[in-house]
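Here is the structure we will look at, set down as structure tokens.
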Amino acid sequence: MCLAIPGQVLEIVDEPNRLARVDVAGVKRNVSVALLDDDDGGVGPGDWVLIHVGFAISKVDEDEAAATLKLLEEMGTEYEQELDELKGSAIE
Amino acid sequence: MKFVEEFRDAELGAALAAQILSLLEPDRHYKLMEICGGHTHAIYRYGIDDLLPDEVEMVHGPGCPVCVIPMGRVDDGIAIAGHEGTILACFGDMMRVPGSERTLLEAKAAGADVRVVYSPLDALRIARENPDREVVFFAIGFETTAPSTALTMMRARDEALANFSCFCNHVAIVPPLQALLALPDLSLDGFVGPGHVATVVGARPFDFIPAEHGKPFVVSGFEPLDILQAIEMLLRQLAEGRREVENQYRRVVPAEGNPVALKAMGEVFELRESFEWRGLGEIPRSAFKLTAAFAAHDAELRYELPGRSVADPEACQCGEVLKGAIKPWECKVFGTACTPEHAIGTCMVSPEGACAAYYNYGRFAREGTPA
């Protein structure tokens, strides 16, 4: 649960609850983007975010996301476990 | 230098290693603490400790949320899961953490309904899907994770989800650092600061470390180059006689933290008078509980809990490891009676624990076989 994994926002699926569909290494799930709400409307489709326990905790650029993903892939088992747990997630 | 090739920019890695060497004062030994378990993991994974000169020693801090949970709280979680009709939802990392008699995994095997969830919001969904069952979320984590629980509790309240509650074990990062700095026999020269916690709390809460203790503090990212650069920045401060909080991870960490997250935490949580930390003992105002406004969703009020303080097994030296007083391999049971498969102590359970990280990546190098 300690990892923060990068994903790309596909669409906002629940506006009142600030839930977004994200793509994390091909796994598409819902996460909350409520923590990144700011005066500019927060994150939207196309943005890259770091995701921790189903919540986007920071916005990053595409290069940072790619570098973080590479690092996680090298990590092996823990990253795979995190992805498996993400696959089991169904946030509504 | 054998690991430099793996870095994102090998040239920059080699340059940083050379810089570090040039900043050392003759005959001085440097002891730097990385606080976050993610950093500990990366240091062993990428052999950063092998890359550093012998004069620079990395010690591992208390920043693994799984590792600092005392056995008594695991027992409490197992007691909750033992109630007829209750579903206990927790992160996968908690399943193998030893309680005084057994783990959550063993409790599950014995018939308790314990479910691994990816997110507190998944625990909330389980509560919606099981209106006739009690669903308790076993919340752990530092300020990185606490805002997620806070927003989840606000949704539970807004949806009037009466069968959902939280067993709150969220902890704060600053109090254990204060406790460590108060130890008489621990001489540290500086800190590699936790990057993800700082995305929430910002860099300012750490100002007391240079101001009151005269030690440099550099918030760091998680790539090997980030950590190497943070170490270089710490040594540069020491060489130049500066003592400041610096932010190496500026591309992700804003100086002021995340105001939305801090506001949510402020609404849902308040500090406990005291909380027991594994290995560090009771630390005042170091952990969060739900405020009275969320009493209806507070598992500690809903369930009668054993609430016992349980001493660690005698053989276990997690406390000394968490304080940075000994290295993982100096523990009597490291790699023999205590392994990731059959852990005695929490530092061997979590992949971010110093012992597990060392067991997985470091032990061969230490035994003299080239890694």
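Residues in the structure tokens are named by chain (A, B, ... in the order shown) and by number from 1 within that chain; ligands are numbered from 1 in the order shown.
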Return as a tab-separated table the residues of chain B lying at most 7 Å from chain A, together with the closest atom-to-atom pair for each and the distance in Å to one decimal, counting only C-alpha atoms, with rows in chain order and ascending residue number.
```
residue	atom	partner	partner_atom	distance
B:Phe91	CA	A:Met1	CA	6.5
B:Asp93	CA	A:Met1	CA	6.7
B:Val117	CA	A:Glu85	CA	6.9
B:Tyr118	CA	A:Glu85	CA	5.2
B:Ser119	CA	A:Val53	CA	4.5
B:Leu121	CA	A:Ile91	CA	5.9
B:Asp122	CA	A:Ile91	CA	5.6
B:Arg125	CA	A:Ile91	CA	6.8
B:Ser148	CA	A:Phe55	CA	6.4
B:Val252	CA	A:Val60	CA	6.5
B:Val260	CA	A:Leu35	CA	5.7
B:Ala261	CA	A:Leu35	CA	5.7
```
For this session: Please indicate the distance in Å from atom CA of B:Ser350 to atom CA of A:Ala25, rounded to one decimal place.
Result: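 Computing it gives 23.6 Å between the two atoms.
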Problem set entry | Residues of stretch 2-46 of chain A in strand (DSSP E), written as a PyMOL selection string | chain A and resi 5-14+19-24+27-32
Problem set entry | Surrounding residues of A:Gly26 excluding itself and chain neighbours under 4 positions, 10 Å, only C-alpha atoms, as a ChimeraX atom specification | /A:7-8,22
